[in-house]
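Peer 1: Take a look at this one; I'll ask things after.
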Amino acid sequence: MMNKLYIGNLSPAVTADDLRQLFGDRKLPLAGQVLLKSGYAFVDYPDQNWAIRAIETLSGKVELHGKIMEVDYSVSKKLRSRKIQIRNIPPHLQWEVLDGLLAQYGTVENVEQVNTDTETAVVNVTYATREEAKTAIEKLSGHQFENYSFKISYIPDEEFVGAIIGKEGLTIKNITKQTQSRVDIHRKENSGAAEKPVTIHATPEGTSEACRMILEIMQKEADETKLLNISSHSLLACRISAEKSTDNMETSGAEEIPLKILAHNGLVGRLIGKEGRNLKKIEHETGTKITISSLQDLSIYNPERTITVKGTVEACANAEIEIMKKLREAFENDMLAVNQQANLIPGLNLSALGIFSTGLSVLPPPAGPRGAPPAPPYHPFATHSGYFSSLYPPHQFGPFPHHHSYPEQEIVNLFIPTQAVGAIIGKKGAHIKQLARFAGASIKIAPAEGPDVSERMVIITGPPEAQFKAQGRIFGKLKEENFFNPKEEVKLEAHIRVPSSTAGRVIGKGGKTVNELQNLTSAEVIVPRDQTPDENEEVIVRIIGHFFASQTAQRKIREIVQQVKQQEQKYPQGVASQRSK
């Protein structure tokens, strides 16, 4: 969920590119566009930890075009409510002491420690009233404790979420009853974010009806407050979040409510259609305006594209139905492809691998508050293993039966860009060690063959599932670190060794088998005919393609090799006589 930051005290000469470069130089990558106004700007962070890091790194410390910039959460005066964030708390401060300090200024309803990578502690505090929160900010801002000075900000409250829940939960109960749905409110995840998601589990009709009802509730709330910016997260289950407008300027109510649907990047192309025909048709039939976020907005935190629908509540609800039809159609086609993939890659449990179809890997969950077990932040894809398993329940996949006929250990040489070696190894080898543990494989980087080589070889040793996991994470890492263009699919070359006696079977009569293999997998498969076998009487098969294509080709080739071995064991004399002919 997005954390909107306000950047103030900017020189009129500052450009959006200046801000992007400044944030990038300080390793504070932005999640989306920079909204630049005269003298101030807004940026978004999907993770509160990054938002805190940006505030702590930049606010009052960085000069841009002759002016010291200010960075804080974007919460307008009208929206400053009961929630505040206190940063730069001494790590050794007893929580009883902090609780006593906070209680001096009013009734504290809740205190949450924010999990950050800073040396000092950060907490989000909710007071009983706005007046108490205001007093706490006035009294505690700059409060000195030993050599630490407290830093305090307002953070967005959740009044619109409260409208969906209703008094004693009556509103949400009414929604679930009428739509035959289950509605989960995620109030605690990513505390302080401007958005709070609501996940709806229902039939397609029930999901759309629940979305419509919530849109109507939000419209009513907007009419009363004249301030609204609603977002809806929706795939097969409709995920909805309400986001109050958080500009640091006075704003007036908008007549139309924008609806935002988050769809995995793997589905969006089919929603758009050739030359945008599908979207244009939906716009024409529903009377809405639909835009889709740029590929540049994709990141390791967010593998989704934002589909923004503008129009009346009725128009947006109708557009949501049509958009969901297209997404479901794409989903069903992908589901069919995955089932076929399962048959081609025996022994692999896709729902346990942690690989995104886009090549983005799931990050391990951060550590929780002191004394508490790790708790991953709410995110439609970060809580599951990947694209398919995040959209569809894991039981639909199930563990595939393991075929013990496959060799226990396999060796694959994967070639990556030379400049990507550092990213794969990580600081002091941390990433490659973590990757090896995750995959259950041995992973080594071979020495460079010369000073100007464009590729380096990664040697991966392990059973089929370990190969799948290790290679998948490497493909994902290259995408995450932008070693490939956002519009470009990650394609790598892999080498596997097969007995020279089976090379002919891989090629097939007149190249028939290798051609069928290439058509089946979409990978380029090359078996050089003039190779000299190595000391183990093996030759190299080259496989070039994107992740799933490469994996499917590797498994099919291993399958051919295994079949030949079984035949040799069953009919040793027959096979030998066939070879001699």
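Order determines the names: the first chain of the structure tokens is A, the second B, and so forth; residues in each chain are numbered 1 upward, and ligands are numbered 1 upward as they are shown.
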For Leu215 in chain A, find every residue with an atom within 7 Å (counting only C-alpha atoms), except residues of its own chain fewer than 4 positions away, and show them as a list in words.

Peer 2: Cys211, Gln219 and Val313 of chain A

Peer 1: Using only N, CA, C and O atoms, please write the residues we just selected to a file, as an mmCIF file, in the first residue's frame.

Peer 2:
```
data_model
loop_
_atom_site.group_PDB
_atom_site.id
_atom_site.type_symbol
_atom_site.label_atom_id
_atom_site.label_comp_id
_atom_site.auth_asym_id
_atom_site.auth_seq_id
_atom_site.Cartn_x
_atom_site.Cartn_y
_atom_site.Cartn_z
ATOM 1 N N CYS A 211 -18.114 -4.903 -4.528
ATOM 2 C CA CYS A 211 -17.354 -3.721 -4.956
ATOM 3 C C CYS A 211 -18.280 -2.531 -5.173
ATOM 4 O O CYS A 211 -17.988 -1.407 -4.759
ATOM 5 N N GLN A 219 -18.775 6.822 -1.856
ATOM 6 C CA GLN A 219 -19.345 8.022 -2.483
ATOM 7 C C GLN A 219 -20.123 8.838 -1.454
ATOM 8 O O GLN A 219 -20.014 10.068 -1.395
ATOM 9 N N VAL A 313 -20.109 6.208 -10.130
ATOM 10 C CA VAL A 313 -20.051 4.940 -9.403
ATOM 11 C C VAL A 313 -20.633 3.822 -10.255
ATOM 12 O O VAL A 313 -20.072 2.723 -10.358
#
```

Peer 1: DSSP on the backbone, then: every residue of range 432-502 of chain A marked strand (DSSP E or B), written as a list in words.

Peer 2: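 Strand (DSSP E or B) assignments inside range 432-502 of chain A correspond to Ser442, Ile443, Lys444, Ile445, Glu455, Arg456, Met457, Val458, Ile459, Ile460, Thr461, Gly462, Leu492, Glu493, Ala494, His495, Ile496, Arg497, Val498 and Pro499 of chain A.
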
Peer 1: Fewer than 2 positions away in the same chain doesn't count, so skip those; otherwise give me all residues within 9 Å of Ala330 in chain A, counting only C-alpha atoms, as a list in words.

Peer 2: Gly266, Leu267, Val268, Arg270, Leu271, Lys325, Lys326, Leu327, Arg328, Glu332, Asn333, Asp334 and Met335 of chain A

Peer 1: Calculate how many Å separate CA of Arg277 in chain A from CA of Ser208 in chain A, rounding to one decimal.

Peer 2: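 Result for CA of Arg277 in chain A versus CA of Ser208 in chain A: 23.0 Å, one decimal.
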
Peer 1: Which residues come within 7 Å of range 409-413 of chain A, counting only C-alpha atoms, excluding same-chain residues fewer than 3 positions away, as a list of chain:residue names?

Peer 2: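 Within the cut-off, the hits are A:Met457, A:Val458, A:Ile459, A:Ile460, A:Thr461, A:Gly462, A:Pro463, A:Ala494, A:His495, A:Ile496.
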
Peer 1: Which residues are close to Ile55 in chain A, i.e. within 7 Å by only C-alpha atoms, leaving aside same-chain residues fewer than 3 positions away? Reply as a list in words.

Peer 2: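 The contact residues come out as Ala51, Ile52, Leu58, Ser59, Val71 and Asp72 of chain A.
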
Peer 1: Residues of range 427-549 of chain A in alpha helix (DSSP H) according to DSSP, as a ChimeraX atom specification?

Peer 2: /A:430-439,464-480,500-507,512-521,547-549

Peer 1: Can you tell me, as a list in words, what residues are no more than 7 Å from Val183 in chain A when counting only C-alpha atoms, ignoring any on the same chain fewer than 3 positions away?

Peer 2: Thr176, Val198, Thr199, Ile200 and His201 of chain A

Peer 1: For the selection just defined, write its residues with N, CA, C and O atoms to a file, as a PDB file, in the first residue's frame.

Peer 2:
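Result file is again24.pdb:
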```pdb
ATOM      1  N   THR A 176     -21.673  -8.557   3.396  1.00  0.00           N
ATOM      2  CA  THR A 176     -21.402  -9.999   3.278  1.00  0.00           C
ATOM      3  C   THR A 176     -22.697 -10.800   3.146  1.00  0.00           C
ATOM      4  O   THR A 176     -22.755 -11.781   2.397  1.00  0.00           O
ATOM      5  N   VAL A 198      -9.239  -4.127   1.631  1.00  0.00           N
ATOM      6  CA  VAL A 198     -10.335  -4.983   2.028  1.00  0.00           C
ATOM      7  C   VAL A 198     -10.385  -6.112   1.008  1.00  0.00           C
ATOM      8  O   VAL A 198     -10.541  -5.868  -0.180  1.00  0.00           O
ATOM      9  N   THR A 199     -10.221  -7.349   1.448  1.00  0.00           N
ATOM     10  CA  THR A 199     -10.239  -8.476   0.526  1.00  0.00           C
ATOM     11  C   THR A 199     -11.606  -9.138   0.554  1.00  0.00           C
ATOM     12  O   THR A 199     -12.105  -9.490   1.617  1.00  0.00           O
ATOM     13  N   ILE A 200     -12.189  -9.310  -0.640  1.00  0.00           N
ATOM     14  CA  ILE A 200     -13.514  -9.912  -0.763  1.00  0.00           C
ATOM     15  C   ILE A 200     -13.385 -11.276  -1.418  1.00  0.00           C
ATOM     16  O   ILE A 200     -12.823 -11.388  -2.506  1.00  0.00           O
ATOM     17  N   HIS A 201     -13.895 -12.301  -0.765  1.00  0.00           N
ATOM     18  CA  HIS A 201     -13.897 -13.657  -1.306  1.00  0.00           C
ATOM     19  C   HIS A 201     -15.334 -14.000  -1.681  1.00  0.00           C
ATOM     20  O   HIS A 201     -16.198 -14.100  -0.810  1.00  0.00           O
TER      21      HIS A 201
END
```
